[in-house]
Amino acid sequence: MTFKLGFLRTLSDKSLNTLPLYCGVFRSFRRPSNSDRFRPIRTGGWSLRSLRLDSVAVRIRITCWLTWWLGLLIAAGSFAAVGATPPPTLVSKPSENLAGALWLLEDPSGKLTLDDVQSPTRQRQFVPWDATRGDVNLSYSDSTWWFRVRLQRAPGAPDAWILNIPDAYSKFIDFHAPGVPVVNTGHGRPPDQRPLLSPHFAFPVRLADAPQDFYFRVASHYAVSFPLTAWQVNAYSRYTLKERLLQALYHGALFSMVAYALFIWLSSRDARFGLYAAYGSALSLGILSGNGWGGLLVWPEWRNFDEVSSGLFLSLTVPALILLARSVLRTRDTVPVWLDRVAYGAAGLGAIHALAMLAAVGNAPLTALLFRSLPLLGLLAIALLALISWRVRMIALPGKRYFMLSWFALGLGVVVGALRLLGWVPTNTLTSYAIQISTSVEMLLMSFMLASIIREERQQRLLAQSRLIDVLRAEESRLERSVAERTHALSEAAESERRTLSEYLRFAALVSHEFRNGLNVISAQSDLLRKQAVDNAVRSRAQVISQQVARLAQITDTWLKSDQILNSPSPPQIEAIDCRDWLEKTLQNRPDGFNDHRIAWSVADDATTIWADRTLLEVALMNLVSNACKYSPPHSLIEIQTCAMRTGAGISMTGLRVTDRGEGITPSLQARVFERYFRVRPEGRVSGIGLGLSFVRHIVEQHHGHIDLVSQPGDGSTFTIWLPDRNAPKHP
């Protein structure tokens, strides 16, 4: 507009000087004649040439002269129209959009004051805004802008009004009203400086019956947007309540969906739900900051952070959304490797952009540059998602349909928002809130996507489980047949083993009988030889024969008892045994080998009765005493005691304890001494076949008891048989 005015002024100053030149050009085209010669005439200071009225040259000159003066008058009229004072806007409705009443002045230096812009020269430089383009949107600009609006109260309208700018990104706004101190506010200033505590910028004014000029000085590191509306006070209150309700519903819905996804992620550890929660959180915080609520309520003291918070959180939505797309669409398996790597790179670029936003706190030029690149980052993410979705369009994936619809809705909003910032589409309520509207639809569709994923994967699991059940049932039938066949085979094998065992026991009894008969004959003959021998050497040899015969008889008895005890199917005959009477009778006739040791026994007052099979208990006691005598020095003391114990579960048990003063057992061998045919020192001087302690353990287990061993090398050993009382459970 400045260029237009300058051109018109230049044209008006030089028009008279150029007019004779143009007339001379036309004159040069005629043929000279005597009748057409000019004669100078002096009239009112102008020198003209006398000429005939019917001359062609005269007509050309007059036409040219009239044309240039007509153009000059038109230019002067245009010039006067530009510099004229605009008519006031009468406000009477509850709300008036003032886009058509705004006049703009650009201040590239940012140093103009109110007095400067009120000068006649600057007033002529104001240009009106074209209201057909919607609200004022000047795209990205480093200049400071002055906005002038001339208002007048309509007859019957209230005088109290509120001028509202529903835009939270203007860094500085200085409001100048007639007769009122300047109001300095904006996104880059503390919320306490705002006339009304609101996420937007609202200015209470008093309108008079005469026209009044109001001036706004605006600067922004984001797109310069100035949607100005005049509100009556009550109407503005209703408007703010509705807006806050809508924002609460929007963020409440986002919070509920994010919380639900986060709960599922914590319970299932499914990365898709965690990424959805991260994306929804970053999106909610970005929108919250972009609408001005973040700096007003969440971080009111962090002004520098508030300037970049919106860009920071919206940048974080890019990696979260791309990683969510990779997880939902399984790009590692469904798209080429290069495209998957490009997706990774775009996610990394979004994270870097977010870090740059955080690093740009307090740096206005860098902040402005990053904000201007943010729409390009969003468009890049949308284009990448479109390419990935095109590549997987024919692949069946859980939730793919809802995901593609969601990013389409998001892409539409991002494109509209970017075009609005560039000034390519009109600025109105729909385009201003395009991203927020699209993200609400997107988050709803993404919640459907997650529900679809849960449903489809659950159906797949149920189908897999059904197939697995069918396989298991077939396998179960096969196993039942195999078990039946195996059971039949085992029954036949057990029956065969019982018959074999019966034959074995019968054969063992026959062999033992015949073997003992031979041993008895040898023992009787050796006793007779010892008695009749005159020579001491013969007597000594007969004594050796008798001792070895006794040893063979003892081994034979042990072997027979082992078969009878270990292979007997009949349970023990439990009865109450008086410990004093039983010990006295059992130890009265000491077997061979006991006479070289001192045996002492005692009965505790709380352990006078033990519940056991008398025969089996005697076998167990004799084996323990025999081992104690074998592994103890001659003439050492062997102690036999009874004791009682009550377990933590209330089970009462009676113990039979045998203690020797022998060489003891090392801890590493104590767990094996109860194994069959195990001996601590097979090559030692002590005879035996390693069956005694295995008999004891088997007898104790038949009584549902247990046996304890306490031993240290060089300190002897203590074996304690614990048997439950009659009323105790069978399995303590």
# chains A, B, ... in the order shown; residues from 1 in each chain; ligands from 1
call {"tool": "residues_around", "arguments": {"residues": "Val603 in chain A", "least_positions_apart": "4", "cutoff": "10 Å", "atoms": "only C-alpha atoms", "output": "number ranges by chain"}}
result
A: 578-580, 583, 607-609, 640-643, 656
call {"tool": "select_by_dssp", "arguments": {"residues": "range 205-395 of chain A", "states": "strand (DSSP E or B)", "output": "number ranges by chain"}}
result
A: 205-206, 212-219, 223-226, 229-232
call {"tool": "residues_around", "arguments": {"residues": "range 347-364 of chain A", "least_positions_apart": "2", "cutoff": "8 Å", "atoms": "only C-alpha atoms", "output": "list in words"}}
result
His221, Asn304, Phe305, Glu307, Val308, Ser309, Gly311, Leu312, Phe313, Ser315, Leu316, Thr317, Val318, Pro319, Ala320, Ile322, Leu323, Ala343, Tyr344, Gly345, Leu366, Thr367, Ala368, Leu370 and Leu377 of chain A
call {"tool": "closest_residue", "arguments": {"among": "A:Phe172, A:Ala99, A:Glu106, A:Val182", "to": "Phe226 in chain A", "atoms": "only C-alpha atoms"}}
result
A:Ala99
call {"tool": "select_by_dssp", "arguments": {"residues": "range 90-318 of chain A", "states": "alpha helix (DSSP H)", "output": "ChimeraX atom specification"}}
result
/A:114-117,120-125,233-268,271-290,293,303-318
call {"tool": "closest_residue", "arguments": {"among": "A:Ala612, A:Ala620, A:Met394, A:Val625", "to": "Arg726 in chain A", "atoms": "only C-alpha atoms"}}
result
A:Ala612
call {"tool": "residues_around", "arguments": {"residues": "Thr720 in chain A", "least_positions_apart": "5", "cutoff": "8 Å", "atoms": "only C-alpha atoms", "output": "CSV table (one decimal) with N, CA, C and O atoms, in the first residue's frame"}}
result
chain,number,residue,atom,x,y,z
A,655,GLY,N,11.1,-90.9,71.1
A,655,GLY,CA,12.3,-91.2,70.5
A,655,GLY,C,13.1,-92.3,71.2
A,655,GLY,O,13.0,-92.4,72.4
A,656,LEU,N,13.8,-93.1,70.5
A,656,LEU,CA,14.7,-94.1,71.0
A,656,LEU,C,16.1,-93.8,70.5
A,656,LEU,O,16.4,-93.8,69.3
A,657,ARG,N,17.1,-93.4,71.4
A,657,ARG,CA,18.3,-92.8,71.1
A,657,ARG,C,19.5,-93.7,71.5
A,657,ARG,O,19.5,-94.3,72.6
A,658,VAL,N,20.4,-93.9,70.6
A,658,VAL,CA,21.6,-94.8,70.8
A,658,VAL,C,22.8,-93.9,70.6
A,658,VAL,O,23.0,-93.4,69.5
A,707,ILE,N,14.4,-90.7,61.3
A,707,ILE,CA,15.6,-91.0,62.1
A,707,ILE,C,16.6,-89.8,61.9
A,707,ILE,O,16.8,-89.3,60.8
A,708,ASP,N,17.2,-89.4,63.0
A,708,ASP,CA,18.2,-88.3,63.1
A,708,ASP,C,19.6,-88.8,63.4
A,708,ASP,O,19.7,-89.8,64.1
A,709,LEU,N,20.6,-88.2,62.8
A,709,LEU,CA,22.0,-88.6,63.0
A,709,LEU,C,22.7,-87.3,63.4
A,709,LEU,O,22.7,-86.3,62.6
call {"tool": "residues_around", "arguments": {"residues": "Thr429 in chain A", "least_positions_apart": "5", "cutoff": "12 Å", "atoms": "only C-alpha atoms", "output": "short mmCIF file (atom, residue, chain, number, x, y, z; two decimals) with N, CA, C and O atoms, in the first residue's frame"}}
result
data_model
loop_
_atom_site.label_atom_id
_atom_site.label_comp_id
_atom_site.auth_asym_id
_atom_site.auth_seq_id
_atom_site.Cartn_x
_atom_site.Cartn_y
_atom_site.Cartn_z
N ASN A 97 -17.81 -10.01 15.69
CA ASN A 97 -16.51 -10.31 15.12
C ASN A 97 -15.98 -9.05 14.45
O ASN A 97 -16.61 -8.51 13.53
N GLY A 134 -11.41 -14.23 6.53
CA GLY A 134 -11.60 -14.73 7.89
C GLY A 134 -10.91 -13.83 8.89
O GLY A 134 -10.68 -12.64 8.65
N ASP A 135 -10.59 -14.41 10.04
CA ASP A 135 -9.89 -13.64 11.07
C ASP A 135 -8.49 -13.30 10.61
O ASP A 135 -7.92 -13.93 9.70
N PRO A 166 -8.97 -14.76 21.30
CA PRO A 166 -8.86 -16.19 21.67
C PRO A 166 -7.64 -16.84 21.03
O PRO A 166 -7.74 -17.80 20.27
N ASP A 167 -6.46 -16.30 21.33
CA ASP A 167 -5.22 -16.86 20.81
C ASP A 167 -4.19 -16.77 21.93
O ASP A 167 -4.02 -15.71 22.56
N PRO A 227 -7.55 -12.92 16.11
CA PRO A 227 -9.01 -13.02 15.99
C PRO A 227 -9.69 -12.18 17.08
O PRO A 227 -9.85 -12.63 18.22
N LEU A 228 -10.09 -10.97 16.77
CA LEU A 228 -10.65 -10.04 17.75
C LEU A 228 -12.17 -10.09 17.71
O LEU A 228 -12.79 -10.03 16.66
N THR A 229 -12.75 -10.19 18.92
CA THR A 229 -14.20 -10.24 19.05
C THR A 229 -14.61 -9.33 20.20
O THR A 229 -13.94 -9.29 21.24
N GLY A 417 -4.33 -27.14 9.83
CA GLY A 417 -3.64 -26.23 10.73
C GLY A 417 -2.41 -25.62 10.10
O GLY A 417 -2.14 -24.42 10.27
N ARG A 420 -3.43 -23.04 7.58
CA ARG A 420 -3.90 -21.81 8.25
C ARG A 420 -2.72 -20.97 8.73
O ARG A 420 -2.71 -19.74 8.60
N ALA A 434 -8.68 -26.90 14.33
CA ALA A 434 -8.66 -28.09 13.47
C ALA A 434 -7.84 -29.21 14.11
O ALA A 434 -8.25 -30.39 14.10
N ILE A 435 -6.68 -28.88 14.66
CA ILE A 435 -5.82 -29.92 15.25
C ILE A 435 -6.49 -30.52 16.47
O ILE A 435 -6.47 -31.75 16.68
N GLN A 436 -7.08 -29.69 17.32
CA GLN A 436 -7.73 -30.22 18.51
C GLN A 436 -8.93 -31.09 18.15
O GLN A 436 -9.16 -32.14 18.77
N ILE A 437 -9.71 -30.67 17.16
CA ILE A 437 -10.85 -31.49 16.73
C ILE A 437 -10.37 -32.81 16.15
O ILE A 437 -10.89 -33.89 16.46
#
call {"tool": "closest_residue", "arguments": {"among": "A:Leu723, A:Met257, A:Ala177, A:Ile388", "to": "Lys400 in chain A", "atoms": "only C-alpha atoms"}}
result
A:Ile388
call {"tool": "residues_around", "arguments": {"residues": "Asn234 in chain A", "least_positions_apart": "3", "cutoff": "10 Å", "atoms": "only C-alpha atoms", "output": "PyMOL selection string"}}
result
chain A and resi 94+160-162+231+237-239
call {"tool": "write_last_selection", "arguments": {"atoms": "all heavy atoms", "output": "CSV table (one decimal), in the first residue's frame"}}
result
chain,number,residue,atom,x,y,z
A,94,PRO,N,-24.7,-9.3,21.2
A,94,PRO,CA,-23.9,-9.9,22.3
A,94,PRO,C,-22.5,-10.2,22.0
A,94,PRO,O,-21.6,-10.1,22.8
A,94,PRO,CB,-24.7,-11.2,22.7
A,94,PRO,CG,-26.1,-10.9,22.2
A,94,PRO,CD,-25.9,-10.1,21.0
A,160,ALA,N,-20.4,-1.4,28.8
A,160,ALA,CA,-19.4,-2.3,29.3
A,160,ALA,C,-19.2,-3.5,28.3
A,160,ALA,O,-20.1,-4.3,28.0
A,160,ALA,CB,-19.7,-2.9,30.7
A,161,TRP,N,-18.0,-3.6,27.7
A,161,TRP,CA,-17.7,-4.6,26.7
A,161,TRP,C,-16.4,-5.3,27.0
A,161,TRP,O,-15.6,-4.7,27.8
A,161,TRP,CB,-17.7,-4.0,25.3
A,161,TRP,CG,-19.0,-3.6,24.8
A,161,TRP,CD1,-19.7,-2.5,25.2
A,161,TRP,CD2,-19.9,-4.3,23.9
A,161,TRP,NE1,-21.0,-2.5,24.5
A,161,TRP,CE2,-21.1,-3.6,23.8
A,161,TRP,CE3,-19.7,-5.5,23.2
A,161,TRP,CZ2,-22.1,-4.0,22.9
A,161,TRP,CZ3,-20.7,-6.0,22.4
A,161,TRP,CH2,-21.9,-5.2,22.3
A,162,ILE,N,-16.1,-6.4,26.4
A,162,ILE,CA,-14.8,-7.1,26.6
A,162,ILE,C,-14.3,-7.4,25.2
A,162,ILE,O,-15.0,-8.0,24.4
A,162,ILE,CB,-15.0,-8.4,27.4
A,162,ILE,CG1,-15.4,-8.1,28.8
A,162,ILE,CG2,-13.7,-9.2,27.3
A,162,ILE,CD1,-15.6,-9.3,29.7
A,231,TRP,N,-17.4,-8.6,23.0
A,231,TRP,CA,-18.4,-9.3,23.8
A,231,TRP,C,-19.1,-8.4,24.8
A,231,TRP,O,-18.4,-7.6,25.4
A,231,TRP,CB,-17.8,-10.5,24.5
A,231,TRP,CG,-17.3,-11.6,23.7
A,231,TRP,CD1,-16.1,-11.7,23.1
A,231,TRP,CD2,-18.0,-12.8,23.3
A,231,TRP,NE1,-16.0,-12.9,22.4
A,231,TRP,CE2,-17.2,-13.6,22.5
A,231,TRP,CE3,-19.3,-13.3,23.5
A,231,TRP,CZ2,-17.6,-14.8,21.9
A,231,TRP,CZ3,-19.7,-14.5,23.0
A,231,TRP,CH2,-18.9,-15.2,22.2
A,237,SER,N,-19.2,-14.2,29.6
A,237,SER,CA,-19.1,-15.2,30.8
A,237,SER,C,-19.7,-16.6,30.3
A,237,SER,O,-19.1,-17.6,30.6
A,237,SER,CB,-19.9,-14.7,31.9
A,237,SER,OG,-19.4,-13.5,32.4
A,238,ARG,N,-20.8,-16.5,29.6
A,238,ARG,CA,-21.4,-17.8,29.0
A,238,ARG,C,-20.4,-18.4,28.1
A,238,ARG,O,-20.2,-19.7,28.1
A,238,ARG,CB,-22.7,-17.5,28.4
A,238,ARG,CG,-23.8,-17.1,29.4
A,238,ARG,CD,-25.2,-17.2,28.7
A,238,ARG,NE,-25.3,-16.2,27.6
A,238,ARG,CZ,-25.7,-14.9,27.9
A,238,ARG,NH1,-26.1,-14.5,29.1
A,238,ARG,NH2,-25.8,-14.0,26.9
A,239,TYR,N,-19.8,-17.6,27.2
A,239,TYR,CA,-18.8,-18.2,26.3
A,239,TYR,C,-17.6,-18.9,26.9
A,239,TYR,O,-17.2,-20.0,26.6
A,239,TYR,CB,-18.3,-17.0,25.4
A,239,TYR,CG,-17.0,-17.3,24.6
A,239,TYR,CD1,-17.0,-18.2,23.6
A,239,TYR,CD2,-15.9,-16.7,25.1
A,239,TYR,CE1,-15.8,-18.4,22.9
A,239,TYR,CE2,-14.7,-16.9,24.4
A,239,TYR,CZ,-14.6,-17.8,23.3
A,239,TYR,OH,-13.5,-18.0,22.7
call {"tool": "atom_distance", "arguments": {"atom1": "CA of Asp209 in chain A", "atom2": "CA of Gly179 in chain A"}}
result
15.2 Å
call {"tool": "closest_residue", "arguments": {"among": "A:Leu254, A:Ala261, A:Val700, A:Leu105", "to": "Glu442 in chain A", "atoms": "only C-alpha atoms"}}
result
A:Leu254
call {"tool": "closest_residue", "arguments": {"among": "A:Leu468, A:Leu151, A:Leu296, A:Ile721", "to": "Pro178 in chain A", "atoms": "only C-alpha atoms"}}
result
A:Leu151
call {"tool": "closest_residue", "arguments": {"among": "A:Ala210, A:Leu283, A:Met645, A:Ile638", "to": "Thr659 in chain A", "atoms": "only C-alpha atoms"}}
result
A:Ile638
call {"tool": "residues_around", "arguments": {"residues": "Arg217 in chain A", "least_positions_apart": "4", "cutoff": "9 Å", "atoms": "only C-alpha atoms", "output": "PyMOL selection string"}}
result
chain A and resi 114+144-147+172-176
